[in-house]
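What follows is the content of protein22.cif, which has mmCIF, C-alpha atoms:
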data_my_file
#
loop_
_atom_site.label_atom_id
_atom_site.label_comp_id
_atom_site.auth_asym_id
_atom_site.auth_seq_id
_atom_site.Cartn_x
_atom_site.Cartn_y
_atom_site.Cartn_z
CA MET K 1 -53.75 26.95 32.35
CA SER K 2 -56.67 26.02 30.07
CA ALA K 3 -56.54 23.15 27.64
CA THR K 4 -56.59 25.49 24.66
CA MET K 5 -53.80 27.73 25.92
CA GLN K 6 -51.02 25.19 26.13
CA PRO K 7 -50.75 24.15 22.47
CA VAL K 8 -50.75 27.79 21.41
CA GLY K 9 -47.94 28.58 23.87
CA LYS K 10 -45.89 25.60 22.78
CA SER K 11 -46.16 26.32 19.10
CA ASP K 12 -45.24 29.94 19.76
CA ILE K 13 -42.07 28.86 21.57
CA LEU K 14 -41.30 26.41 18.79
CA ALA K 15 -41.78 29.04 16.10
CA ARG K 16 -39.51 31.46 17.93
CA ALA K 17 -36.92 28.72 18.48
CA GLU K 18 -36.98 27.68 14.84
CA ALA K 19 -36.61 31.25 13.67
CA ALA K 20 -33.73 31.88 16.10
CA ALA K 21 -31.85 28.66 15.25
CA ALA K 22 -32.19 29.36 11.53
CA THR K 23 -30.28 32.64 11.91
CA VAL K 24 -27.08 30.96 13.12
CA VAL K 25 -24.34 31.12 10.48
CA ASP K 26 -21.49 28.79 9.64
CA PRO K 27 -18.42 30.38 11.29
CA GLU K 28 -16.25 29.29 8.36
CA ILE K 29 -18.59 30.57 5.63
CA PRO K 30 -20.54 33.36 7.33
CA VAL K 31 -22.81 34.06 4.34
CA LEU K 32 -24.51 30.71 4.90
CA THR K 33 -26.89 29.94 7.73
CA ILE K 34 -26.98 26.44 9.15
CA ALA K 35 -30.45 26.17 7.59
CA ASP K 36 -29.03 26.99 4.13
CA LEU K 37 -26.36 24.32 4.64
CA GLY K 38 -28.75 21.60 5.76
CA VAL K 39 -26.82 21.31 9.05
CA LEU K 40 -29.94 22.27 11.02
CA ARG K 41 -32.07 19.12 10.96
CA ALA K 42 -34.90 19.70 13.43
CA VAL K 43 -36.20 21.90 16.22
CA ARG K 44 -38.65 20.34 18.67
CA ILE K 45 -39.90 20.49 22.22
CA ALA K 46 -38.65 17.44 24.05
CA ARG K 47 -40.58 15.51 26.70
CA ASP K 48 -38.73 17.25 29.49
CA GLY K 49 -39.95 20.58 28.11
CA LYS K 50 -36.57 21.67 26.76
CA VAL K 51 -36.23 22.98 23.23
CA GLU K 52 -34.11 20.45 21.40
CA VAL K 53 -32.17 21.48 18.30
CA GLU K 54 -30.78 18.73 16.12
CA ILE K 55 -27.71 19.37 13.98
CA THR K 56 -25.55 17.13 11.81
CA PRO K 57 -21.87 17.64 10.91
CA THR K 58 -20.83 18.28 7.32
CA TYR K 59 -17.59 16.34 7.88
CA SER K 60 -16.72 14.00 10.78
CA GLY K 61 -13.95 16.31 11.94
CA CYS K 62 -15.69 19.63 11.27
CA PRO K 63 -14.21 21.95 13.92
CA ALA K 64 -17.12 24.37 13.58
CA MET K 65 -19.63 22.06 15.29
CA ALA K 66 -18.82 23.17 18.84
CA THR K 67 -19.10 26.83 17.83
CA ILE K 68 -22.35 26.21 16.00
CA ALA K 69 -23.85 24.48 19.05
CA LEU K 70 -22.83 27.40 21.25
CA GLU K 71 -24.23 29.94 18.77
CA ILE K 72 -27.56 28.10 18.70
CA GLU K 73 -27.83 28.25 22.49
CA LEU K 74 -26.99 31.95 22.39
CA ALA K 75 -29.50 32.67 19.62
CA LEU K 76 -32.25 30.86 21.51
CA ALA K 77 -31.37 32.61 24.76
CA LYS K 78 -31.62 35.95 22.98
CA ALA K 79 -35.08 34.90 21.79
CA GLY K 80 -36.00 34.34 25.44
CA ILE K 81 -35.68 30.56 25.40
CA GLU K 82 -33.38 29.34 28.15
CA ALA K 83 -34.08 25.62 28.48
CA THR K 84 -32.35 24.28 25.40
CA ARG K 85 -30.34 21.29 24.29
CA VAL K 86 -28.32 20.86 21.10
CA VAL K 87 -28.05 17.30 19.87
CA THR K 88 -25.69 16.05 17.17
CA VAL K 89 -27.02 13.30 14.91
CA LEU K 90 -25.02 11.29 12.37
CA ALA K 91 -27.73 9.56 10.36
CA PRO K 92 -28.69 10.19 7.70
CA ALA K 93 -25.26 11.41 6.63
CA TRP K 94 -25.20 15.05 5.55
CA SER K 95 -25.05 15.63 1.82
CA THR K 96 -24.41 18.74 -0.27
CA ASP K 97 -27.69 17.86 -1.98
CA TRP K 98 -29.38 19.27 1.13
CA MET K 99 -28.02 22.74 0.47
CA SER K 100 -30.88 25.11 -0.33
CA PRO K 101 -31.08 26.92 -3.72
CA GLU K 102 -30.78 30.12 -1.69
CA GLY K 103 -27.60 28.75 -0.08
CA ARG K 104 -26.12 27.89 -3.48
CA ARG K 105 -26.84 31.40 -4.76
CA LYS K 106 -25.28 33.00 -1.68
CA LEU K 107 -22.15 30.85 -2.05
CA GLN K 108 -21.82 31.80 -5.70
CA ASP K 109 -22.16 35.52 -4.87
CA TYR K 110 -19.57 35.11 -2.13
CA GLY K 111 -17.04 33.76 -4.65
CA ILE K 112 -17.28 30.08 -3.80
CA ALA K 113 -18.37 27.70 -6.56
CA PRO K 114 -21.35 25.77 -5.14
CA PRO K 115 -21.41 21.98 -5.13
CA LEU K 116 -22.78 20.32 -8.24
CA LYS K 117 -26.39 19.25 -7.82
CA ASN K 118 -27.68 15.74 -7.30
CA THR K 119 -24.35 14.14 -7.84
CA GLY K 120 -24.48 11.57 -5.07
CA ARG K 121 -21.77 8.95 -5.07
CA ARG K 122 -20.79 9.48 -8.69
CA GLY K 123 -19.89 13.08 -7.97
CA LEU K 124 -17.09 11.98 -5.67
CA PHE K 125 -15.08 10.38 -8.43
CA GLY K 126 -16.65 11.76 -11.58
CA ILE K 127 -14.99 14.32 -13.78
CA ASP K 128 -15.60 17.67 -12.17
CA ALA K 129 -16.80 20.53 -14.34
CA VAL K 130 -16.86 23.53 -12.04
CA ALA K 131 -17.77 26.96 -13.37
CA CYS K 132 -15.77 29.98 -12.19
CA PRO K 133 -17.93 31.88 -9.66
CA ARG K 134 -16.50 35.21 -10.90
CA CYS K 135 -16.67 35.12 -14.71
CA GLY K 136 -18.79 32.00 -15.23
CA SER K 137 -16.24 30.29 -17.48
CA ALA K 138 -16.24 26.50 -17.49
CA HIS K 139 -12.56 26.61 -18.45
CA THR K 140 -11.21 25.83 -14.97
CA GLU K 141 -8.81 23.43 -13.27
CA ARG K 142 -8.40 21.94 -9.82
CA LEU K 143 -5.27 23.07 -7.99
CA ALA K 144 -5.68 21.00 -4.85
CA GLU K 145 -8.12 18.39 -3.60
CA PHE K 146 -8.29 20.08 -0.19
CA GLY K 147 -8.82 23.75 0.52
CA SER K 148 -9.03 26.22 3.36
CA THR K 149 -11.67 24.14 5.16
CA ALA K 150 -12.62 20.47 5.09
CA CYS K 151 -15.56 21.12 2.77
CA LYS K 152 -13.69 23.00 0.03
CA ALA K 153 -11.18 22.35 -2.76
CA LEU K 154 -8.94 24.93 -4.40
CA TRP K 155 -9.58 25.72 -8.08
CA ARG K 156 -8.38 28.23 -10.66
CA CYS K 157 -10.11 29.86 -13.63
CA LEU K 158 -8.05 29.56 -16.81
CA ASP K 159 -9.88 32.50 -18.43
CA CYS K 160 -10.01 35.23 -15.78
CA ARG K 161 -7.03 33.63 -13.95
CA GLU K 162 -8.61 34.04 -10.53
CA PRO K 163 -8.20 31.25 -7.98
CA PHE K 164 -11.40 30.25 -6.20
CA ASP K 165 -12.80 27.82 -3.66
CA HIS K 166 -15.17 25.06 -4.70
CA PHE K 167 -17.58 23.59 -2.15
CA LYS K 168 -16.98 19.86 -2.70
CA CYS K 169 -19.74 17.38 -3.39
CA HIS K 170 -20.42 15.21 -0.43
CA MET P 1 -3.38 -15.59 19.34
CA LYS P 2 -2.01 -17.79 22.10
CA SER P 3 1.46 -16.29 22.42
CA GLY P 4 2.70 -15.03 25.77
CA THR P 5 3.15 -11.42 24.67
CA CYS P 6 -0.38 -11.37 23.36
CA GLU P 7 -1.86 -12.49 26.67
CA VAL P 8 0.11 -9.85 28.53
CA ALA P 9 -1.15 -7.22 26.12
CA MET P 10 -4.75 -8.33 26.43
CA THR P 11 -5.00 -8.31 30.21
CA ALA P 12 -5.17 -4.54 30.58
CA THR P 13 -8.30 -3.98 28.52
CA ALA P 14 -11.61 -4.08 30.30
CA ALA P 15 -13.57 -4.83 27.17
CA ASP P 16 -12.05 -8.14 26.10
CA ASP P 17 -15.36 -9.90 26.42
CA MET P 18 -17.19 -7.33 24.28
CA PRO P 19 -16.55 -7.87 20.56
CA LEU P 20 -18.45 -4.74 19.50
CA VAL P 21 -16.34 -2.57 21.81
CA GLN P 22 -13.10 -4.22 20.71
CA PHE P 23 -13.95 -3.88 17.04
CA THR P 24 -14.94 -0.23 17.39
CA LEU P 25 -11.77 0.52 19.35
CA ARG P 26 -9.64 -1.01 16.60
CA LEU P 27 -11.27 1.24 14.04
CA ALA P 28 -10.98 4.27 16.31
CA ASP P 29 -7.30 3.59 17.07
CA ASN P 30 -6.49 3.25 13.35
CA ALA P 31 -8.13 6.60 12.67
CA LEU P 32 -6.57 8.43 15.62
CA VAL P 33 -3.02 7.13 15.13
CA LEU P 34 -3.00 7.78 11.38
CA GLY P 35 -4.61 11.19 11.93
CA HIS P 36 -1.92 12.05 14.46
CA ARG P 37 0.82 10.87 12.09
CA LEU P 38 -0.53 13.04 9.26
CA SER P 39 -0.83 16.04 11.57
CA GLU P 40 2.95 15.84 12.01
CA TRP P 41 3.25 17.12 8.43
CA CYS P 42 1.59 20.40 9.39
CA GLY P 43 4.12 23.11 8.53
CA HIS P 44 6.49 20.63 6.84
CA ALA P 45 4.74 19.45 3.66
CA PRO P 46 6.39 19.98 0.25
CA THR P 47 3.91 22.68 -0.81
CA LEU P 48 1.37 24.88 0.93
CA GLU P 49 -1.55 23.12 -0.80
CA GLU P 50 -0.24 19.76 0.35
CA ASP P 51 0.26 21.03 3.88
CA ILE P 52 -3.41 21.97 3.94
CA GLY P 53 -4.41 18.73 2.22
CA LEU P 54 -2.67 16.45 4.74
CA ALA P 55 -4.05 18.48 7.65
CA ASN P 56 -7.55 18.14 6.16
CA ILE P 57 -7.21 14.37 5.92
CA ALA P 58 -5.88 14.26 9.49
CA LEU P 59 -8.91 16.23 10.63
CA ASP P 60 -11.30 13.82 8.90
CA LEU P 61 -9.59 10.87 10.57
CA ILE P 62 -9.60 12.43 14.03
CA GLY P 63 -13.27 13.28 13.55
CA GLN P 64 -13.98 9.65 12.69
CA ALA P 65 -11.96 8.55 15.73
CA ARG P 66 -14.00 10.80 18.04
CA ALA P 67 -17.31 9.34 16.86
CA LEU P 68 -15.95 5.80 17.17
CA TYR P 69 -14.45 6.32 20.65
CA THR P 70 -17.67 7.87 21.87
CA TYR P 71 -19.60 4.87 20.61
CA ALA P 72 -17.11 2.35 22.03
CA GLY P 73 -17.35 4.07 25.43
CA THR P 74 -21.15 4.05 25.34
CA ALA P 75 -21.33 0.41 24.23
CA GLU P 76 -18.87 -0.58 26.95
CA GLY P 77 -20.91 1.22 29.60
CA ARG P 78 -18.05 1.69 32.07
CA GLY P 79 -17.85 5.44 31.97
CA ARG P 80 -15.03 5.85 29.46
CA ASP P 81 -15.58 8.74 27.05
CA GLU P 82 -13.59 9.65 23.94
CA ASP P 83 -10.92 11.47 25.97
CA LYS P 84 -10.38 8.65 28.44
CA LEU P 85 -10.05 6.14 25.60
CA ALA P 86 -7.63 8.27 23.61
CA TYR P 87 -5.54 9.70 26.43
CA LEU P 88 -5.51 7.09 29.16
CA ARG P 89 -4.66 3.82 27.44
CA ASP P 90 -1.04 2.78 27.01
CA ALA P 91 0.48 1.23 23.87
CA PRO P 92 -0.42 -2.44 24.63
CA GLN P 93 -4.06 -1.39 24.96
CA TYR P 94 -4.07 0.31 21.58
CA ARG P 95 -5.47 -1.93 18.83
CA ASN P 96 -4.47 -0.10 15.64
CA ILE P 97 -2.75 -1.95 12.82
CA LEU P 98 1.02 -1.51 12.61
CA LEU P 99 0.83 0.26 9.24
CA VAL P 100 -0.71 3.46 10.60
CA GLU P 101 1.90 3.97 13.35
CA GLN P 102 4.86 3.75 10.97
CA PRO P 103 6.83 7.00 10.75
CA ASN P 104 6.02 9.47 7.98
CA GLY P 105 9.39 8.98 6.27
CA ASP P 106 9.66 11.01 3.09
CA PHE P 107 6.62 12.26 1.21
CA ALA P 108 6.51 9.09 -0.92
CA ALA P 109 6.33 6.93 2.21
CA THR P 110 3.44 8.98 3.60
CA ILE P 111 1.56 8.69 0.31
CA VAL P 112 2.13 4.93 0.00
CA ARG P 113 0.97 4.34 3.60
CA GLN P 114 -2.07 6.49 2.87
CA LEU P 115 -2.92 4.64 -0.34
CA LEU P 116 -2.63 1.15 1.17
CA PHE P 117 -4.98 2.23 3.97
CA ALA P 118 -7.50 4.29 1.96
CA ALA P 119 -7.79 1.65 -0.79
CA PHE P 120 -9.02 -0.71 1.93
CA MET P 121 -11.12 1.74 3.94
CA ALA P 122 -13.14 2.96 0.94
CA PRO P 123 -14.86 -0.41 0.28
CA PHE P 124 -14.79 -1.20 4.01
CA TRP P 125 -16.80 1.88 5.01
CA ARG P 126 -19.16 1.33 2.08
CA ALA P 127 -19.86 -2.21 3.29
CA LEU P 128 -20.11 -1.14 6.95
CA SER P 129 -22.69 1.51 6.06
CA ALA P 130 -25.07 -1.45 5.60
CA SER P 131 -24.25 -2.78 9.09
CA LYS P 132 -27.06 -3.98 11.31
CA ASP P 133 -25.58 -1.74 13.99
CA ALA P 134 -27.21 1.63 13.29
CA THR P 135 -24.46 3.75 14.90
CA LEU P 136 -21.62 2.03 13.06
CA ALA P 137 -23.63 2.32 9.83
CA ALA P 138 -24.08 6.07 10.38
CA ILE P 139 -20.38 6.65 11.14
CA ALA P 140 -19.44 4.56 8.11
CA ALA P 141 -21.78 6.42 5.75
CA LYS P 142 -20.05 9.65 6.70
CA ALA P 143 -16.53 8.27 6.63
CA GLU P 144 -17.03 6.66 3.23
CA LYS P 145 -17.45 10.00 1.51
CA GLU P 146 -14.38 11.43 3.23
CA THR P 147 -12.32 8.37 2.35
CA ALA P 148 -13.25 8.70 -1.33
CA TYR P 149 -11.32 11.98 -1.36
CA HIS P 150 -8.42 10.49 0.63
CA LEU P 151 -8.10 7.67 -1.87
CA ARG P 152 -8.18 9.95 -4.88
CA HIS P 153 -5.58 12.23 -3.27
CA ALA P 154 -3.17 9.38 -2.50
CA GLY P 155 -3.71 7.68 -5.87
CA GLU P 156 -3.06 10.84 -7.88
CA TRP P 157 0.08 11.56 -5.89
CA LEU P 158 1.49 8.07 -6.23
CA ILE P 159 0.98 8.19 -10.00
CA ARG P 160 2.88 11.49 -10.14
CA LEU P 161 5.68 10.20 -7.95
CA GLY P 162 6.02 6.81 -9.63
CA ASP P 163 5.76 8.19 -13.15
CA GLY P 164 7.76 11.31 -12.26
CA THR P 165 11.52 11.70 -12.03
CA GLU P 166 14.04 8.93 -11.52
CA GLU P 167 14.41 10.06 -7.90
CA SER P 168 10.69 10.17 -7.14
CA HIS P 169 10.19 6.78 -8.81
CA ARG P 170 12.99 5.24 -6.74
CA ARG P 171 11.58 6.65 -3.49
CA ALA P 172 8.01 5.58 -4.30
CA GLN P 173 9.10 2.02 -5.08
CA ALA P 174 11.22 1.87 -1.91
CA ALA P 175 8.26 3.03 0.19
CA LEU P 176 5.98 0.49 -1.46
CA ASP P 177 8.45 -2.32 -0.75
CA GLU P 178 8.87 -1.17 2.86
CA PHE P 179 5.16 -0.85 3.72
CA TRP P 180 3.84 -3.80 1.73
CA PRO P 181 4.36 -6.34 4.55
CA TYR P 182 2.13 -4.15 6.75
CA SER P 183 -0.86 -4.50 4.41
CA GLY P 184 -1.72 -8.04 5.54
CA GLU P 185 -3.12 -6.82 8.84
CA LEU P 186 -5.89 -4.94 6.99
CA PHE P 187 -7.47 -8.27 6.08
CA GLU P 188 -7.00 -10.15 9.34
CA THR P 189 -9.89 -11.43 11.39
CA ASP P 190 -9.98 -13.06 14.79
CA GLN P 191 -12.69 -14.07 17.26
CA VAL P 192 -13.69 -10.41 17.67
CA GLU P 193 -14.64 -9.92 14.02
CA ARG P 194 -15.93 -13.44 13.54
CA ALA P 195 -18.53 -12.94 16.25
CA LEU P 196 -19.71 -9.75 14.56
CA ILE P 197 -19.57 -11.05 10.99
CA LYS P 198 -21.98 -13.80 12.00
CA THR P 199 -24.54 -11.31 13.21
CA GLY P 200 -24.31 -8.98 10.18
CA ILE P 201 -22.67 -6.15 12.10
CA VAL P 202 -19.30 -6.38 10.38
CA VAL P 203 -18.25 -7.29 6.87
CA ASP P 204 -15.61 -9.99 6.36
CA PRO P 205 -12.55 -8.06 5.12
CA ALA P 206 -11.56 -11.03 2.94
CA THR P 207 -14.48 -10.13 0.67
CA LEU P 208 -12.87 -6.72 0.05
CA LYS P 209 -9.51 -8.07 -1.05
CA ALA P 210 -10.37 -8.28 -4.76
CA GLU P 211 -11.39 -4.62 -4.88
CA TRP P 212 -8.28 -3.56 -2.93
CA ASP P 213 -6.11 -5.54 -5.37
CA ARG P 214 -7.82 -3.97 -8.36
CA THR P 215 -7.52 -0.42 -7.01
CA LEU P 216 -3.82 -0.87 -6.27
CA ASP P 217 -3.01 -2.66 -9.52
CA ASP P 218 -4.65 0.11 -11.58
CA ILE P 219 -2.77 2.85 -9.74
CA LEU P 220 0.56 1.00 -9.67
CA ALA P 221 0.34 0.29 -13.40
CA GLU P 222 -0.19 3.96 -14.18
CA ALA P 223 2.55 4.89 -11.73
CA THR P 224 4.95 2.43 -13.44
CA LEU P 225 5.62 0.86 -10.06
CA THR P 226 6.06 -2.85 -9.35
CA ARG P 227 3.71 -4.60 -6.94
CA PRO P 228 5.83 -6.40 -4.34
CA ALA P 229 5.60 -10.19 -4.38
CA ALA P 230 3.19 -11.81 -1.95
CA GLY P 231 5.07 -13.00 1.11
CA TRP P 232 5.44 -12.80 4.86
CA MET P 233 3.27 -10.20 6.54
CA GLN P 234 3.70 -8.22 9.75
CA THR P 235 1.08 -8.77 12.44
CA GLY P 236 0.34 -7.91 16.07
CA GLY P 237 -1.03 -4.37 16.32
CA ARG P 238 -4.64 -5.51 16.46
CA SER P 239 -3.92 -7.47 19.62
CA GLY P 240 -1.72 -4.83 21.24
CA ARG P 241 1.78 -5.86 20.12
CA HIS P 242 3.16 -2.69 18.56
CA SER P 243 6.33 -1.40 17.02
CA GLU P 244 8.36 0.99 19.18
CA HIS P 245 6.95 3.91 17.19
CA LEU P 246 3.56 3.91 18.90
CA GLY P 247 5.05 4.71 22.30
CA TYR P 248 6.56 7.94 20.96
CA ILE P 249 3.25 8.94 19.37
CA LEU P 250 1.41 8.38 22.65
CA ALA P 251 4.09 10.21 24.65
CA GLU P 252 3.31 13.32 22.63
CA LEU P 253 -0.43 12.76 22.29
CA GLN P 254 -1.03 11.97 25.96
CA PHE P 255 1.52 14.18 27.69
CA LEU P 256 -0.93 16.80 28.92
CA GLN P 257 -3.43 14.35 30.42
CA ARG P 258 -0.64 12.35 32.05
CA ALA P 259 1.07 15.40 33.54
CA TYR P 260 -2.13 17.22 34.50
CA PRO P 261 -4.85 14.55 34.91
CA GLY P 262 -8.29 15.85 34.07
CA ALA P 263 -6.99 19.09 32.56
CA SER P 264 -9.47 20.74 30.22
CA TRP P 265 -9.89 24.09 28.48
#
Could you write out this structure as structure tokens?
Amino acid sequence: MSATMQPVGKSDILARAEAAAATVVDPEIPVLTIADLGVLRAVRIARDGKVEVEITPTYSGCPAMATIALEIELALAKAGIEATRVVTVLAPAWSTDWMSPEGRRKLQDYGIAPPLKNTGRRGLFGIDAVACPRCGSAHTERLAEFGSTACKALWRCLDCREPFDHFKCH
Amino acid sequence: MKSGTCEVAMTATAADDMPLVQFTLRLADNALVLGHRLSEWCGHAPTLEEDIGLANIALDLIGQARALYTYAGTAEGRGRDEDKLAYLRDAPQYRNILLVEQPNGDFAATIVRQLLFAAFMAPFWRALSASKDATLAAIAAKAEKETAYHLRHAGEWLIRLGDGTEESHRRAQAALDEFWPYSGELFETDQVERALIKTGIVVDPATLKAEWDRTLDDILAEATLTRPAAGWMQTGGRSGRHSEHLGYILAELQFLQRAYPGASW
């Protein structure tokens, strides 16, 4: 193998791996990919030659992590990459601020109010003002702090009367 | 810490000489035992939303426990993973505070237990996220955000119960009086913490007392509940002396691994 061949081969594998990993969706919210969510942190070729994919959990107890790891391995295998390793990292702690604008739009279209932007710590205890993802009204109320998954709360629109999920700030 | 029962309880743990392991196990045991307790509400909570809410909080706590057990096992370096630590230690080896193993009681009791704990853990995780131990800091940074929601949930409920009907007020006050003597253990330190406080790994819980007091006083005032007088406090869980309740929790939690060692699916 010539000196010029190897870097090209490696970056080709990396590009394919990145593209494949980015297609994996959150099993709980299948309109979002793990890239949209900010759960996919890095794809690299490790020293032992394996493709290493780094993910971070949204919540400590997120039950989707095992499925996501499995789906990543499957997606990479389908892209012809067999030697893989999925690594979970905790720091820095995942934040809803990492969610892509595309991810926010997809959530909204799916009927889930996206997290408020750049809220940080204040967002956790501040007064929430969540717009209804269906009619856009700001005239809404929280029904329950916890919703159908760890990352969501249950809200209701007081104008169109529809209940909806809100992706909580984190 | 020189009593006979304490020494008996301490002998069975391999990690007595490792403060970091001991400290991490205490945190992990608190999270697992309280998470298990809350999971008992699944299918029994007063409303569907609350059923989901309590299960969500349980899930957060068990997630925190898993990260902490994994770290304790790694730091100990004797081949114990999260499952071995959770499933193969008996009650005297568990180091959780007595508060978290107390039975759920009525809904008011569950909420009071939750509030006493979360009002402490919120500032505790915030402080620990600046720990010199990078793994503990990372776990804490994650747990802090989750605990913010737990605290708000418990606080809002206690205000509704205390400032609700005569019946709900009576039950909330009774629960507060019953669990209050278990709150002292939140602020205890012994040689395990002292070794880690010195090196900047752990925060001294005494420095969090003022914030805990303020949080509780604000909520209790709005809930029209009376703060119990300062007095004698329960102790022992952190060194392995537990109430009889923990044994029943472990009997359920550990049954499968005890009956079918090594079973997995």
- Message: Under the rule that only C-alpha atoms are counted, which of K:Gly61, K:Pro92, K:Arg142, K:Pro115 is the nearest residue to P:Ala55?
- Response: K:Gly61
- Task: Specify as a list of chain:residue names all residues of chain K found within 6 Å of chain P, counting all atoms listed in the file.
- Result: K:Ser60, K:Gly61, K:Leu90, K:Ala91, K:Ala93, K:Phe146, K:Ala150
Given the file above and the PyMOL selection byres ((chain K and resi 139) around 8), which residues are selected, and can you give them as a tab-separated table (two decimals) with C-alpha atoms, in the frame of the given file?
chain	number	residue	atom	x	y	z
K	131	ALA	CA	-17.77	26.96	-13.37
K	132	CYS	CA	-15.77	29.98	-12.19
K	137	SER	CA	-16.24	30.29	-17.48
K	138	ALA	CA	-16.24	26.50	-17.49
K	140	THR	CA	-11.21	25.83	-14.97
K	141	GLU	CA	-8.81	23.43	-13.27
K	157	CYS	CA	-10.11	29.86	-13.63
K	158	LEU	CA	-8.05	29.56	-16.81
K	159	ASP	CA	-9.88	32.50	-18.43
- Task: Considering only C-alpha atoms, return as a ChimeraX atom specification whatever protein or nucleic-acid residues lie within 9 Å of K:Ala64, sequence-local ones (same chain, fewer than 4 positions apart) excluded.
- Result: /K:26-28,57,68-69
- Do you know which residues are at most 7 Å from K:Lys50 counting all atoms listed in the file, after dropping those on the same chain fewer than 2 positions away, and could you put them as a ChimeraX atom specification? /K:45-46,48,52,83-85
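Our summary of the geometry notes that atom CA of K:Val53 is positioned 7.7 Å from atom CA of K:Leu40.
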Evaluate the PyMOL selection byres ((chain P and resi 123) around 8) and report residues as a PDB file with C-alpha atoms, keeping the file's coordinate frame:
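Below is the file that was written, part14.pdb:
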ATOM      1  CA  ALA P 119      -7.790   1.650  -0.790  1.00  0.00           C
ATOM      2  CA  PHE P 120      -9.020  -0.710   1.930  1.00  0.00           C
ATOM      3  CA  MET P 121     -11.120   1.740   3.940  1.00  0.00           C
ATOM      4  CA  ALA P 122     -13.140   2.960   0.940  1.00  0.00           C
ATOM      5  CA  PHE P 124     -14.790  -1.200   4.010  1.00  0.00           C
ATOM      6  CA  TRP P 125     -16.800   1.880   5.010  1.00  0.00           C
ATOM      7  CA  ARG P 126     -19.160   1.330   2.080  1.00  0.00           C
ATOM      8  CA  ALA P 127     -19.860  -2.210   3.290  1.00  0.00           C
ATOM      9  CA  GLU P 144     -17.030   6.660   3.230  1.00  0.00           C
ATOM     10  CA  LEU P 208     -12.870  -6.720   0.050  1.00  0.00           C
ATOM     11  CA  GLU P 211     -11.390  -4.620  -4.880  1.00  0.00           C
ATOM     12  CA  TRP P 212      -8.280  -3.560  -2.930  1.00  0.00           C
TER      13      TRP P 212
END
Once all heavy atoms are restored for stretch 237-241 of chain P, what would the output be as a PDB file, keeping the file's coordinate frame?
ATOM      1  N   GLY P 237      -0.458  -5.622  15.809  1.00  0.00           N
ATOM      2  CA  GLY P 237      -1.030  -4.370  16.320  1.00  0.00           C
ATOM      3  C   GLY P 237      -2.454  -4.531  16.820  1.00  0.00           C
ATOM      4  O   GLY P 237      -2.843  -3.958  17.838  1.00  0.00           O
ATOM      5  N   ARG P 238      -3.225  -5.346  16.122  1.00  0.00           N
ATOM      6  CA  ARG P 238      -4.640  -5.510  16.460  1.00  0.00           C
ATOM      7  C   ARG P 238      -4.844  -6.216  17.801  1.00  0.00           C
ATOM      8  O   ARG P 238      -5.942  -6.196  18.362  1.00  0.00           O
ATOM      9  CB  ARG P 238      -5.364  -6.272  15.343  1.00  0.00           C
ATOM     10  CG  ARG P 238      -5.550  -5.444  14.080  1.00  0.00           C
ATOM     11  CD  ARG P 238      -5.918  -6.299  12.864  1.00  0.00           C
ATOM     12  NE  ARG P 238      -6.501  -7.564  13.181  1.00  0.00           N
ATOM     13  CZ  ARG P 238      -7.808  -7.790  13.272  1.00  0.00           C
ATOM     14  NH1 ARG P 238      -8.654  -6.814  13.055  1.00  0.00           N
ATOM     15  NH2 ARG P 238      -8.257  -8.975  13.572  1.00  0.00           N
ATOM     16  N   SER P 239      -3.787  -6.877  18.286  1.00  0.00           N
ATOM     17  CA  SER P 239      -3.920  -7.470  19.620  1.00  0.00           C
ATOM     18  C   SER P 239      -2.986  -6.797  20.610  1.00  0.00           C
ATOM     19  O   SER P 239      -2.719  -7.336  21.690  1.00  0.00           O
ATOM     20  CB  SER P 239      -3.682  -8.985  19.550  1.00  0.00           C
ATOM     21  OG  SER P 239      -2.530  -9.270  18.799  1.00  0.00           O
ATOM     22  N   GLY P 240      -2.461  -5.623  20.263  1.00  0.00           N
ATOM     23  CA  GLY P 240      -1.720  -4.830  21.240  1.00  0.00           C
ATOM     24  C   GLY P 240      -0.215  -4.982  21.202  1.00  0.00           C
ATOM     25  O   GLY P 240       0.482  -4.433  22.044  1.00  0.00           O
ATOM     26  N   ARG P 241       0.326  -5.752  20.251  1.00  0.00           N
ATOM     27  CA  ARG P 241       1.780  -5.860  20.120  1.00  0.00           C
ATOM     28  C   ARG P 241       2.242  -4.876  19.051  1.00  0.00           C
ATOM     29  O   ARG P 241       2.006  -5.093  17.863  1.00  0.00           O
ATOM     30  CB  ARG P 241       2.185  -7.298  19.759  1.00  0.00           C
ATOM     31  CG  ARG P 241       2.140  -8.242  20.957  1.00  0.00           C
ATOM     32  CD  ARG P 241       2.405  -9.671  20.547  1.00  0.00           C
ATOM     33  NE  ARG P 241       1.297 -10.184  19.745  1.00  0.00           N
ATOM     34  CZ  ARG P 241       1.445 -10.841  18.605  1.00  0.00           C
ATOM     35  NH1 ARG P 241       2.641 -11.081  18.109  1.00  0.00           N
ATOM     36  NH2 ARG P 241       0.384 -11.271  17.947  1.00  0.00           N
TER      37      ARG P 241
END
